[in-house]
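target_30.txt, holding compact mmCIF, C-alpha atoms:
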# COMPACT_ATOMS: atom_id res chain seq x y z
CA MET A 21 109.24 56.76 45.84
CA THR A 22 111.30 51.98 40.60
CA ALA A 23 114.16 52.10 38.77
CA ALA A 24 112.80 53.94 35.75
CA THR A 25 114.32 57.26 36.68
CA PRO A 26 113.99 60.80 35.34
CA ALA A 27 116.87 60.10 32.97
CA THR A 28 114.86 57.36 31.25
CA LEU A 29 111.49 59.05 31.10
CA PRO A 30 110.18 60.53 27.83
CA THR A 31 110.36 64.30 27.58
CA ASP A 32 106.76 64.84 26.50
CA GLY A 33 103.39 63.16 26.61
CA LYS A 34 103.44 62.12 22.96
CA ALA A 35 106.71 60.28 23.49
CA ALA A 36 105.19 58.49 26.48
CA ARG A 37 102.26 57.35 24.40
CA ARG A 38 104.52 56.20 21.54
CA GLU A 39 106.74 54.30 23.93
CA ASN A 40 103.81 52.42 25.42
CA GLY A 41 101.33 52.17 22.60
CA GLY A 42 102.85 52.95 19.23
CA ALA A 43 99.84 55.00 18.23
CA SER A 44 99.04 55.32 14.56
CA PRO A 45 96.61 57.74 12.87
CA ARG A 46 94.15 54.86 12.44
CA GLY A 47 94.24 54.20 16.21
CA LYS A 48 93.40 57.74 17.24
CA GLY A 49 90.46 58.08 19.61
CA ARG A 50 89.86 54.42 20.43
CA THR A 51 90.80 52.25 23.38
CA VAL A 52 91.85 48.63 22.94
CA LYS A 53 91.47 46.11 25.73
CA PHE A 54 94.83 44.57 26.48
CA SER A 55 94.64 40.80 26.20
CA PHE A 56 96.39 37.86 24.57
CA ALA A 57 94.00 38.16 21.63
CA SER A 58 94.71 41.88 21.07
CA LEU A 59 98.45 41.21 21.37
CA ALA A 60 98.20 38.49 18.73
CA ARG A 61 96.20 40.73 16.37
CA GLN A 62 98.72 43.56 16.70
CA ALA A 63 101.57 41.15 16.04
CA LEU A 64 100.13 40.54 12.56
CA THR A 65 100.67 44.23 11.72
CA GLY A 66 104.04 44.56 13.40
CA HIS A 67 102.47 46.35 16.39
CA GLN A 68 101.95 49.47 14.25
CA ASP A 69 98.26 49.96 14.96
CA TRP A 70 98.11 50.34 18.74
CA PRO A 71 95.99 53.38 19.64
CA ALA A 72 97.27 56.22 21.79
CA GLN A 73 97.19 55.41 25.48
CA TRP A 74 95.12 58.53 26.21
CA ARG A 75 93.63 61.40 24.26
CA SER A 76 95.79 64.50 23.90
CA ALA A 77 93.02 66.97 24.73
CA GLU A 78 92.88 70.67 24.04
CA PRO A 79 91.64 72.58 27.10
CA LYS A 80 88.01 73.70 26.97
CA THR A 81 86.90 77.05 28.32
CA ALA A 82 85.03 75.50 31.26
CA TYR A 83 84.87 72.29 33.28
CA GLU A 84 82.86 71.04 36.22
CA ILE A 85 86.07 70.07 38.03
CA VAL A 86 89.70 70.96 37.35
CA ILE A 87 92.48 68.84 38.86
CA VAL A 88 95.86 70.53 39.01
CA GLY A 89 98.62 67.94 38.75
CA GLY A 90 99.00 65.00 36.37
CA GLY A 91 100.82 62.62 38.68
CA GLY A 92 99.50 59.36 40.09
CA HIS A 93 97.22 60.98 42.69
CA GLY A 94 95.69 63.50 40.29
CA LEU A 95 95.07 60.91 37.58
CA ALA A 96 93.63 58.44 40.09
CA THR A 97 91.28 61.16 41.35
CA ALA A 98 90.08 61.84 37.81
CA TYR A 99 89.55 58.15 37.13
CA TYR A 100 87.48 57.58 40.25
CA LEU A 101 85.44 60.74 39.61
CA ALA A 102 84.45 59.27 36.26
CA ARG A 103 84.01 55.69 37.41
CA GLU A 104 82.35 56.17 40.80
CA TYR A 105 80.39 59.39 40.22
CA GLY A 106 79.90 59.56 36.46
CA LEU A 107 81.69 62.93 36.25
CA ALA A 108 83.43 63.17 32.89
CA ASN A 109 83.48 66.98 32.48
CA VAL A 110 86.81 66.96 34.29
CA ALA A 111 90.24 68.21 33.25
CA VAL A 112 93.62 67.16 34.57
CA LEU A 113 96.14 69.95 33.99
CA GLU A 114 99.81 68.98 34.01
CA LYS A 115 102.57 71.55 33.53
CA GLY A 116 104.91 68.99 31.93
CA TRP A 117 104.34 65.40 30.94
CA LEU A 118 102.29 62.87 32.89
CA GLY A 119 104.19 61.29 35.76
CA GLY A 120 107.16 63.59 35.29
CA GLY A 121 107.14 64.87 38.87
CA ASN A 122 107.31 62.82 42.04
CA THR A 123 105.47 59.90 40.42
CA GLY A 124 108.49 59.30 38.19
CA ARG A 125 111.02 60.03 40.94
CA ASN A 126 110.00 57.76 43.79
CA THR A 127 111.28 54.35 44.82
CA THR A 128 107.86 52.68 44.43
CA ILE A 129 107.42 51.08 47.85
CA VAL A 130 103.93 49.86 48.77
CA ARG A 131 103.00 49.06 52.40
CA SER A 132 100.30 49.83 54.94
CA ASN A 133 101.92 49.25 58.36
CA TYR A 134 101.51 52.70 59.91
CA LEU A 135 100.94 53.31 63.62
CA TRP A 136 97.77 55.29 64.35
CA GLU A 137 94.24 54.15 63.58
CA ALA A 138 93.60 56.93 61.06
CA SER A 139 96.78 56.12 59.15
CA GLU A 140 96.15 52.39 59.30
CA ALA A 141 92.73 52.95 57.74
CA ILE A 142 93.86 55.19 54.89
CA TYR A 143 96.91 53.13 53.91
CA ALA A 144 95.05 49.82 54.30
CA HIS A 145 92.38 51.23 51.99
CA ALA A 146 95.04 51.98 49.39
CA HIS A 147 96.75 48.63 49.93
CA GLY A 148 93.51 46.82 49.24
CA LEU A 149 93.08 48.66 45.94
CA TRP A 150 96.63 47.83 44.83
CA LYS A 151 95.86 44.11 44.83
CA THR A 152 93.33 44.33 42.00
CA LEU A 153 94.47 47.54 40.32
CA ALA A 154 96.03 45.92 37.25
CA VAL A 155 92.83 44.02 36.50
CA GLU A 156 90.62 47.04 37.12
CA LEU A 157 92.65 49.32 34.86
CA ASN A 158 93.42 46.58 32.32
CA TYR A 159 97.02 47.73 32.66
CA ASN A 160 99.97 45.90 34.17
CA VAL A 161 101.13 48.12 37.05
CA MET A 162 103.61 45.38 38.04
CA PHE A 163 102.55 45.24 41.67
CA SER A 164 104.92 42.81 43.38
CA PRO A 165 104.10 41.91 47.02
CA ARG A 166 107.61 40.70 47.76
CA GLY A 167 107.65 41.84 51.41
CA VAL A 168 108.87 44.98 53.20
CA LEU A 169 111.31 44.58 56.10
CA GLN A 170 111.91 47.55 58.43
CA LEU A 171 115.06 47.14 60.51
CA ALA A 172 115.65 47.94 64.16
CA HIS A 173 119.20 48.76 65.25
CA ASN A 174 118.78 49.31 68.99
CA ARG A 175 116.39 48.62 71.86
CA HIS A 176 114.49 51.86 71.32
CA GLU A 177 113.74 51.05 67.68
CA GLU A 178 112.90 47.47 68.63
CA ALA A 179 110.28 48.68 71.11
CA ALA A 180 108.86 51.20 68.61
CA LEU A 181 108.56 48.65 65.79
CA LYS A 182 107.07 45.98 68.06
CA ARG A 183 104.50 48.53 69.17
CA GLN A 184 103.73 49.21 65.52
CA VAL A 185 103.36 45.48 64.76
CA HIS A 186 100.95 44.99 67.68
CA ALA A 187 98.92 48.08 66.68
CA ASN A 188 98.68 46.77 63.13
CA ARG A 189 97.47 43.38 64.29
CA LEU A 190 94.75 45.00 66.37
CA ALA A 191 93.63 46.80 63.20
CA GLY A 192 93.66 43.59 61.17
CA ILE A 193 96.76 44.59 59.21
CA GLU A 194 99.26 41.85 58.50
CA GLY A 195 102.69 42.20 60.11
CA GLU A 196 105.17 40.32 62.28
CA TRP A 197 108.35 40.80 64.28
CA VAL A 198 111.42 38.90 63.08
CA THR A 199 114.77 38.34 64.78
CA ALA A 200 118.07 39.25 63.18
CA GLU A 201 118.51 35.62 62.15
CA GLN A 202 115.05 35.53 60.55
CA ALA A 203 115.75 38.82 58.79
CA LYS A 204 118.94 37.32 57.36
CA ALA A 205 117.00 34.28 56.14
CA PHE A 206 114.41 36.54 54.49
CA CYS A 207 117.08 38.74 52.85
CA PRO A 208 120.30 36.72 52.47
CA ILE A 209 122.48 39.67 51.42
CA LEU A 210 121.73 41.57 54.64
CA ASN A 211 124.72 41.94 56.98
CA THR A 212 123.71 40.95 60.51
CA ASP A 213 127.21 41.00 62.02
CA PRO A 214 126.72 42.41 65.58
CA THR A 215 129.97 44.40 65.37
CA ILE A 216 128.92 46.77 62.57
CA ARG A 217 128.13 50.41 63.29
CA TYR A 218 124.36 49.88 63.19
CA PRO A 219 123.85 46.22 64.15
CA VAL A 220 120.54 44.62 63.20
CA VAL A 221 118.59 43.45 66.26
CA GLY A 222 115.42 42.50 64.40
CA GLY A 223 112.73 44.01 62.26
CA SER A 224 109.08 44.50 61.35
CA LEU A 225 108.02 42.46 58.33
CA GLN A 226 104.93 43.02 56.20
CA ARG A 227 104.94 40.18 53.70
CA SER A 228 102.11 41.69 51.63
CA GLY A 229 104.10 44.89 51.04
CA GLY A 230 106.29 45.35 48.01
CA THR A 231 106.73 47.52 44.94
CA ALA A 232 104.91 48.59 41.78
CA ARG A 233 105.96 50.29 38.55
CA HIS A 234 105.50 54.05 38.96
CA ASP A 235 105.12 55.12 35.35
CA ALA A 236 102.76 52.22 34.62
CA VAL A 237 100.54 53.42 37.47
CA ALA A 238 100.35 56.93 36.00
CA TRP A 239 99.76 55.71 32.46
CA GLY A 240 97.20 53.13 33.55
CA PHE A 241 95.10 55.70 35.39
CA ALA A 242 95.51 58.19 32.52
CA ARG A 243 94.35 55.64 29.96
CA ALA A 244 91.36 54.57 32.05
CA ALA A 245 90.32 58.15 32.87
CA SER A 246 90.65 59.28 29.26
CA ALA A 247 88.54 56.35 28.09
CA ARG A 248 85.76 57.58 30.39
CA GLY A 249 85.83 61.09 28.92
CA VAL A 250 88.26 62.97 31.18
CA ASP A 251 90.41 65.55 29.39
CA ILE A 252 94.12 65.17 30.12
CA VAL A 253 95.97 68.34 29.18
CA GLU A 254 99.75 68.20 29.25
CA ASN A 255 102.15 71.15 29.01
CA CYS A 256 99.54 73.33 30.66
CA GLN A 257 100.85 75.10 33.76
CA VAL A 258 98.45 76.76 36.16
CA THR A 259 99.61 80.33 36.80
CA GLY A 260 96.73 81.66 38.87
CA ILE A 261 93.46 80.81 40.60
CA ARG A 262 90.50 83.11 39.97
CA ARG A 263 87.97 83.98 42.68
CA ASP A 264 84.60 85.68 42.38
CA ALA A 265 83.18 88.53 44.46
CA SER A 266 82.23 86.12 47.27
CA GLY A 267 85.78 84.76 47.45
CA ALA A 268 84.91 81.37 45.95
CA VAL A 269 86.87 79.75 43.14
CA SER A 270 85.69 80.77 39.69
CA GLY A 271 88.46 79.38 37.49
CA VAL A 272 92.15 78.98 36.81
CA GLU A 273 94.62 80.82 34.64
CA THR A 274 97.01 78.67 32.64
CA THR A 275 99.73 78.99 30.02
CA ARG A 276 97.12 77.78 27.52
CA GLY A 277 94.37 80.19 28.49
CA ALA A 278 91.81 80.74 31.23
CA ILE A 279 89.48 77.93 32.29
CA ALA A 280 86.25 78.49 34.22
CA THR A 281 85.35 76.09 37.02
CA LYS A 282 83.82 76.17 40.48
CA THR A 283 85.85 73.25 41.84
CA VAL A 284 89.64 72.96 41.84
CA GLY A 285 91.58 70.05 43.33
CA VAL A 286 95.26 70.76 43.94
CA VAL A 287 97.36 67.58 43.75
CA VAL A 288 100.92 68.76 43.12
CA ALA A 289 102.94 67.27 46.02
CA GLY A 290 105.94 69.46 46.86
CA HIS A 291 104.53 72.46 45.00
CA SER A 292 101.18 72.40 46.83
CA SER A 293 101.97 75.48 48.90
CA VAL A 294 102.90 77.38 45.72
CA VAL A 295 99.63 76.60 43.94
CA ALA A 296 97.48 77.08 47.06
CA GLY A 297 99.20 80.41 47.58
CA MET A 298 97.73 81.58 44.27
CA ALA A 299 94.36 81.62 46.07
CA GLY A 300 95.77 83.18 49.22
CA VAL A 301 95.86 79.90 51.17
CA ARG A 302 98.87 79.18 53.35
CA LEU A 303 99.51 75.48 53.96
CA PRO A 304 101.51 74.00 56.89
CA ILE A 305 103.95 72.35 54.50
CA GLU A 306 107.70 72.45 53.99
CA SER A 307 109.18 71.09 50.76
CA TYR A 308 112.44 69.15 50.77
CA PRO A 309 114.43 67.22 48.17
CA LEU A 310 114.33 63.48 48.88
CA GLN A 311 117.10 61.62 47.09
CA ALA A 312 117.36 58.24 45.41
CA LEU A 313 119.91 56.33 43.36
CA VAL A 314 120.10 53.25 41.15
CA SER A 315 123.03 50.93 40.59
CA GLU A 316 124.16 49.17 37.47
CA PRO A 317 121.96 46.11 36.79
CA LEU A 318 122.86 42.69 38.13
CA LYS A 319 121.26 39.28 38.44
CA PRO A 320 118.53 38.81 41.08
CA VAL A 321 120.08 39.10 44.54
CA MET A 322 117.45 40.88 46.62
CA PRO A 323 114.03 39.25 47.03
CA CYS A 324 112.40 41.99 49.13
CA VAL A 325 112.46 45.64 50.25
CA VAL A 326 114.63 46.51 53.27
CA MET A 327 114.30 49.83 55.10
CA SER A 328 116.31 51.40 57.92
CA ASN A 329 114.93 54.47 59.67
CA ALA A 330 118.00 55.06 61.86
CA ILE A 331 120.25 55.76 58.89
CA HIS A 332 117.51 56.36 56.35
CA ALA A 333 118.71 53.93 53.76
CA TYR A 334 116.44 51.49 52.00
CA MET A 335 116.86 49.25 49.01
CA SER A 336 115.06 46.93 46.62
CA GLN A 337 115.84 45.44 43.22
CA SER A 338 113.97 46.42 40.09
CA ASP A 339 112.83 44.07 37.35
CA LYS A 340 115.70 45.43 35.24
CA GLY A 341 118.19 44.28 37.88
CA GLU A 342 119.12 47.68 39.25
CA LEU A 343 119.37 48.13 43.00
CA VAL A 344 117.02 51.00 43.82
CA ILE A 345 118.34 52.93 46.82
CA GLY A 346 116.43 55.52 48.79
CA ALA A 347 118.26 58.21 50.72
CA GLY A 348 117.11 60.76 53.28
CA ALA A 349 115.65 64.21 52.87
CA ASP A 350 118.00 67.18 52.68
CA ALA A 351 118.30 69.24 55.86
CA TYR A 352 116.94 72.42 54.30
CA PRO A 353 113.81 73.26 52.28
CA SER A 354 114.36 73.46 48.54
CA TYR A 355 112.69 72.85 45.18
CA SER A 356 115.87 71.40 43.68
CA GLN A 357 115.51 68.01 42.04
CA LYS A 358 119.12 67.10 42.75
CA GLY A 359 119.79 67.46 46.49
CA GLY A 360 123.03 67.60 48.43
CA LEU A 361 125.82 65.18 47.50
CA HIS A 362 126.70 64.58 51.15
CA VAL A 363 123.24 63.06 51.77
CA ALA A 364 123.67 60.48 49.02
CA SER A 365 127.25 59.77 50.13
CA ALA A 366 126.17 59.08 53.72
CA THR A 367 123.42 56.78 52.48
CA LEU A 368 125.82 54.78 50.35
CA GLU A 369 128.19 54.37 53.28
CA ALA A 370 125.36 52.84 55.28
CA ILE A 371 124.15 50.71 52.36
CA CYS A 372 127.64 49.27 51.85
CA GLU A 373 127.75 48.29 55.51
CA LEU A 374 124.28 46.74 55.57
CA PHE A 375 124.70 45.13 52.15
CA PRO A 376 128.43 44.53 51.48
CA ILE A 377 127.61 43.28 47.98
CA ALA A 378 126.77 46.87 47.02
CA SER A 379 130.34 48.08 47.63
CA ARG A 380 131.43 46.64 44.29
CA LEU A 381 128.68 48.26 42.26
CA LYS A 382 128.68 51.45 40.24
CA MET A 383 125.88 53.94 40.75
CA MET A 384 124.30 54.97 37.44
CA ARG A 385 121.94 57.79 38.39
CA ASN A 386 121.11 60.02 41.34
CA TRP A 387 118.11 62.36 41.56
CA ALA A 388 115.60 63.88 43.97
CA GLY A 389 111.87 64.37 44.25
CA ILE A 390 110.25 67.24 46.14
CA VAL A 391 108.37 65.91 49.15
CA ASP A 392 105.76 67.93 51.01
CA ILE A 393 106.23 67.50 54.75
CA THR A 394 103.56 68.42 57.31
CA PRO A 395 104.26 68.96 61.03
CA ASP A 396 102.73 65.56 61.92
CA ARG A 397 104.08 63.73 58.85
CA SER A 398 100.54 62.89 57.70
CA PRO A 399 98.66 64.02 54.59
CA ILE A 400 96.09 66.79 54.14
CA LEU A 401 92.91 65.90 52.23
CA GLY A 402 89.93 68.16 52.01
CA LYS A 403 88.60 71.69 52.05
CA THR A 404 90.52 74.92 52.35
CA PRO A 405 89.24 78.28 53.63
CA VAL A 406 88.51 79.21 50.00
CA PRO A 407 85.15 77.74 48.83
CA GLY A 408 85.69 75.42 45.88
CA LEU A 409 89.40 74.90 46.53
CA PHE A 410 90.46 71.46 47.79
CA VAL A 411 93.91 70.00 48.46
CA ASP A 412 95.40 66.52 48.44
CA CYS A 413 98.94 66.99 49.70
CA GLY A 414 101.37 66.51 52.57
CA TRP A 415 102.02 62.85 51.83
CA GLY A 416 105.74 63.36 52.31
CA THR A 417 107.50 60.10 51.50
CA GLY A 418 104.28 58.05 51.64
CA GLY A 419 102.66 59.34 48.48
CA PHE A 420 103.25 56.52 46.01
CA LYS A 421 101.96 53.74 48.25
CA ALA A 422 98.76 55.72 48.80
CA THR A 423 98.10 56.49 45.12
CA PRO A 424 94.88 54.52 44.45
CA GLY A 425 93.45 55.15 47.92
CA SER A 426 94.23 58.86 47.80
CA GLY A 427 92.56 59.21 44.42
CA HIS A 428 89.51 57.24 45.53
CA LEU A 429 89.02 59.31 48.68
CA PHE A 430 89.76 62.68 47.09
CA ALA A 431 87.29 61.94 44.29
CA HIS A 432 84.61 61.51 46.97
CA GLN A 433 85.52 64.89 48.43
CA LEU A 434 85.39 66.69 45.06
CA ALA A 435 82.18 65.00 43.96
CA THR A 436 80.20 65.42 47.19
CA GLY A 437 81.89 68.38 48.83
CA GLU A 438 82.34 66.37 52.03
CA PRO A 439 85.20 64.16 53.19
CA HIS A 440 85.02 60.39 53.06
CA PRO A 441 84.98 58.97 56.62
CA ILE A 442 88.45 57.45 56.08
CA ALA A 443 89.84 60.83 55.00
CA ALA A 444 88.07 62.93 57.64
CA PRO A 445 90.93 62.81 60.23
CA PHE A 446 93.28 64.38 57.66
CA ALA A 447 91.43 67.68 57.25
CA LEU A 448 93.41 70.91 57.19
CA ASP A 449 91.75 72.23 60.35
CA ARG A 450 93.42 69.56 62.51
CA PHE A 451 96.38 71.92 62.77
CA ARG A 452 94.06 74.39 64.46
CA SER A 453 92.26 71.90 66.69
CA GLY A 454 95.37 69.94 67.67
CA ALA A 455 93.97 66.57 66.54
CA LEU A 456 97.24 65.61 64.86
CA VAL A 457 98.11 62.19 63.41
CA ASN A 458 101.79 61.89 64.29
CA GLU A 459 103.46 59.36 61.99
CA ALA A 460 107.06 60.56 62.32
CA THR A 461 108.25 57.10 63.40
CA ALA A 462 106.10 54.85 61.20
CA ALA A 463 106.94 56.97 58.15
CA ALA A 464 110.38 55.27 58.29
CA VAL A 465 112.08 58.40 57.04
CA ALA A 466 114.75 60.45 58.74
CA HIS A 467 113.31 63.90 58.21
Could you write out this file's structure as structure tokens?
Amino acid sequence: MTAATPATLPTDGKAARRENGGASPRGKGRTVKFSFASLARQALTGHQDWPAQWRSAEPKTAYEIVIVGGGGHGLATAYYLAREYGLANVAVLEKGWLGGGNTGRNTTIVRSNYLWEASEAIYAHAHGLWKTLAVELNYNVMFSPRGVLQLAHNRHEEAALKRQVHANRLAGIEGEWVTAEQAKAFCPILNTDPTIRYPVVGGSLQRSGGTARHDAVAWGFARAASARGVDIVENCQVTGIRRDASGAVSGVETTRGAIATKTVGVVVAGHSSVVAGMAGVRLPIESYPLQALVSEPLKPVMPCVVMSNAIHAYMSQSDKGELVIGAGADAYPSYSQKGGLHVASATLEAICELFPIASRLKMMRNWAGIVDITPDRSPILGKTPVPGLFVDCGWGTGGFKATPGSGHLFAHQLATGEPHPIAAPFALDRFRSGALVNEATAAAVAH
């Protein structure tokens, strides 16, 4: 789940485009390649002629494919549909503004060190795409592979994380075990005093992990998809899913009118069960608020990401200097985007013990995103019992890091009707067959 929080996000799509493009009437409908030369040309006009980042489309009456949800995963899916399969008659329907849901509420961690082979494959696929994403989209997503350190506080966690490291190495995924002393050297502000409540005994380190800028990811995919002909429709909430006499999808009902389509991809994170329920599909998902906070800005003090599963507290530092702190999920299902105060308080107690420097800081903002949790803590990608209805959900706290990979794989499913081999283990019917992918430990989240 960076430090650009809901409080700093624009309240509508037009504001987002102005903030990151300064669109003028002359720039409408064209896409400019970002480069030193284009920056220099725009400087001559006071940066008043940048085109809109993406087209503000009016919904048509019919599309080949409709994607519900204008977050990172939905926009990535639309982009790869256009780029890989030449499908431009696609609409992305977003009830608010782009990236205003979980994409704008996460703490932006990117890593691929999960336990089971299926998870290793899907997250490694995404991790590989992150490395060249800025160049591919011609948009600075600010991917920073600064390293992700997962702490162990007892012998049980040490054994579990070492097992994870060895499994990753067998799969060709970079990772290593570090001692408490090595962890301290990697993150100097970490408290490794053996007398604290949760003493650090070591940790799993993935040096190629890190962070990226969440809103830049959403805007980059939106800009690239729009340039290839995809319609991005903001402030357009889906209120129903239409089905024909055979039971197959025939369209969607929205606050801006009905849209005919035979293929609907639902990519709405914590609200997936709500939207799927419109077609009579019940998903094995529970939605919980997952909280985060940011401190006042300070000079660079934290060169990496540090995570602790035992107390579910994790922290990194944004480019603006804020310490970005992730808390745990609330104990009860909810669609609130605030969460319980006691959860954030407990997290800060742990953070102040692990990082004493934080005890002197003021917290500026606290918020929550709605995470969609499956019984095995792994995502669902693929078909539903309703022909033409597909879901990409259940990512829980791992959604942001999977953004490009999820979009790439889900685009294959929507374009061909069949799952990509990497996504096949995450089909909905695994909850009937029992072929679960249990990532409760590697998810590094206390939920």
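Here the question is which of A:Gly260, A:Gly277, A:Pro208, A:Gly414 gets nearest to Ser293 of chain A using all atoms listed in the file, and that residue is A:Gly414.
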Kindly assemble as a Markdown table a list of the segment 231-278 of chain A residues that lie within 7 Å of segment 80-104 of chain A, each paired with its nearest atom pair and their distance in Å to one decimal, using all atoms listed in the file, sorted first by chain and then by ascending residue number.
| residue | atom | partner | partner_atom | distance |
| --- | --- | --- | --- | --- |
| A:Val237 | CA | A:Gly92 | CA | 6.6 |
| A:Ala238 | CA | A:Gly92 | CA | 4.8 |
| A:Phe241 | CA | A:Ala96 | CA | 5.6 |
| A:Ala242 | CA | A:Leu95 | CA | 5.8 |
| A:Ala244 | CA | A:Tyr99 | CA | 6.5 |
| A:Ala245 | CA | A:Tyr99 | CA | 4.3 |
| A:Arg248 | CA | A:Ala102 | CA | 6.2 |
| A:Val250 | CA | A:Ala98 | CA | 7.0 |
| A:Ala278 | CA | A:Thr81 | CA | 6.8 |
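Of the residues under consideration (A:Glu140, A:Asp251, A:Glu178, A:Glu273), A:Glu178 shows the shortest atom-to-atom contact distance to Ala330 of chain A when counting only C-alpha atoms.
Candidate residues A:Ile442, A:Val198, A:Met383, A:Ala431 were compared for distance to Val411 of chain A, and the nearest is A:Ala431, using only C-alpha atoms.
For Gln337 of chain A, the set of protein, DNA and RNA residues having any atom at most 10 Å away, when counting only C-alpha atoms and skipping those fewer than 3 positions along the same chain, is Thr22, Ala23, Thr231, Val314, Ser315, Pro317, Leu318, Lys319, Pro320, Val321, Met322, Pro323, Cys324, Val325, Lys340, Gly341, Glu342, Leu343, Val344 and Ile345 of chain A.
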- prompt: Which neighbours of Val295 of chain A fall inside 9 Å, counting only C-alpha atoms, when residues of the same chain fewer than 2 positions from it are skipped, and could you give them as number ranges by chain?
  reply: A: 88, 258-261, 286, 288, 291-293, 297-299, 301
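Checking A:Gln311, A:Ser398, A:Asn211, A:Thr128 one by one against Ala378 of chain A, counting all atoms listed in the file, you find the shortest gap at A:Asn211.
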- prompt: Quick one, how far is atom CA of Trp117 of chain A from atom CA of Gly290 of chain A?
  reply: 16.5 Å
- request: Name the closest residue to Arg183 of chain A among the candidates A:Val457, A:Ala422, A:Ala289, A:Leu135; distances are taken between atoms, counting all atoms listed in the file.
  value: A:Leu135
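We find atom CA of Ser132 of chain A and atom CA of Gly229 of chain A to be spaced 7.4 Å apart.
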message: Show me, as a VMD selection string, the residues that have an atom within 10 Å of Pro395 of chain A when counting all atoms listed in the file, minus same-chain residues fewer than 3 positions from it.
response: chain A and resid 304 to 306 398 to 399 414 451 456 to 460
- prompt: Near His173 of chain A, within 10 Å and counting all atoms listed in the file, which residues show up once chain neighbours fewer than 4 positions away are dropped, as a PyMOL selection string?
  reply: chain A and resi 177-178+200+214+217-223+328-331
Which neighbours of Ala455 of chain A fall inside 10 Å, counting only C-alpha atoms, when residues of the same chain fewer than 3 positions from it are skipped, and could you give them as a PDB file with C-alpha atoms, in the coordinates of the input?
ATOM      1  CA  ASP A 396     102.730  65.560  61.920  1.00  0.00           C
ATOM      2  CA  PRO A 445      90.930  62.810  60.230  1.00  0.00           C
ATOM      3  CA  PHE A 446      93.280  64.380  57.660  1.00  0.00           C
ATOM      4  CA  ALA A 447      91.430  67.680  57.250  1.00  0.00           C
ATOM      5  CA  ASP A 449      91.750  72.230  60.350  1.00  0.00           C
ATOM      6  CA  ARG A 450      93.420  69.560  62.510  1.00  0.00           C
ATOM      7  CA  PHE A 451      96.380  71.920  62.770  1.00  0.00           C
ATOM      8  CA  ARG A 452      94.060  74.390  64.460  1.00  0.00           C
ATOM      9  CA  ASN A 458     101.790  61.890  64.290  1.00  0.00           C
TER      10      ASN A 458
END
Please fill the gaps in segment 317-329 of chain A so it has N, CA and C atoms, and write that as a PDB file, in the frame of the given file.
ATOM      1  N   PRO A 317     122.781  47.317  36.616  1.00  0.00           N
ATOM      2  CA  PRO A 317     121.960  46.110  36.790  1.00  0.00           C
ATOM      3  C   PRO A 317     122.804  44.882  37.091  1.00  0.00           C
ATOM      4  N   LEU A 318     122.234  43.963  37.839  1.00  0.00           N
ATOM      5  CA  LEU A 318     122.860  42.690  38.130  1.00  0.00           C
ATOM      6  C   LEU A 318     121.793  41.620  38.253  1.00  0.00           C
ATOM      7  N   LYS A 319     122.218  40.373  38.338  1.00  0.00           N
ATOM      8  CA  LYS A 319     121.260  39.280  38.440  1.00  0.00           C
ATOM      9  C   LYS A 319     120.486  39.378  39.752  1.00  0.00           C
ATOM     10  N   PRO A 320     119.336  38.714  39.863  1.00  0.00           N
ATOM     11  CA  PRO A 320     118.530  38.810  41.080  1.00  0.00           C
ATOM     12  C   PRO A 320     119.307  38.421  42.337  1.00  0.00           C
ATOM     13  N   VAL A 321     119.385  39.358  43.277  1.00  0.00           N
ATOM     14  CA  VAL A 321     120.080  39.100  44.540  1.00  0.00           C
ATOM     15  C   VAL A 321     119.249  39.519  45.741  1.00  0.00           C
ATOM     16  N   MET A 322     118.207  40.331  45.504  1.00  0.00           N
ATOM     17  CA  MET A 322     117.450  40.880  46.620  1.00  0.00           C
ATOM     18  C   MET A 322     115.968  40.588  46.432  1.00  0.00           C
ATOM     19  N   PRO A 323     115.409  39.696  47.247  1.00  0.00           N
ATOM     20  CA  PRO A 323     114.030  39.250  47.030  1.00  0.00           C
ATOM     21  C   PRO A 323     112.968  40.117  47.691  1.00  0.00           C
ATOM     22  N   CYS A 324     113.348  41.222  48.332  1.00  0.00           N
ATOM     23  CA  CYS A 324     112.400  41.990  49.130  1.00  0.00           C
ATOM     24  C   CYS A 324     112.809  43.455  49.163  1.00  0.00           C
ATOM     25  N   VAL A 325     112.098  44.243  49.962  1.00  0.00           N
ATOM     26  CA  VAL A 325     112.460  45.640  50.250  1.00  0.00           C
ATOM     27  C   VAL A 325     112.965  45.693  51.680  1.00  0.00           C
ATOM     28  N   VAL A 326     114.093  46.350  51.918  1.00  0.00           N
ATOM     29  CA  VAL A 326     114.630  46.510  53.270  1.00  0.00           C
ATOM     30  C   VAL A 326     114.780  48.002  53.549  1.00  0.00           C
ATOM     31  N   MET A 327     114.272  48.430  54.715  1.00  0.00           N
ATOM     32  CA  MET A 327     114.300  49.830  55.100  1.00  0.00           C
ATOM     33  C   MET A 327     114.971  49.980  56.458  1.00  0.00           C
ATOM     34  N   SER A 328     115.718  51.083  56.626  1.00  0.00           N
ATOM     35  CA  SER A 328     116.310  51.400  57.920  1.00  0.00           C
ATOM     36  C   SER A 328     116.045  52.859  58.237  1.00  0.00           C
ATOM     37  N   ASN A 329     115.275  53.103  59.294  1.00  0.00           N
ATOM     38  CA  ASN A 329     114.930  54.470  59.670  1.00  0.00           C
ATOM     39  C   ASN A 329     116.103  55.174  60.337  1.00  0.00           C
TER      40      ASN A 329
END
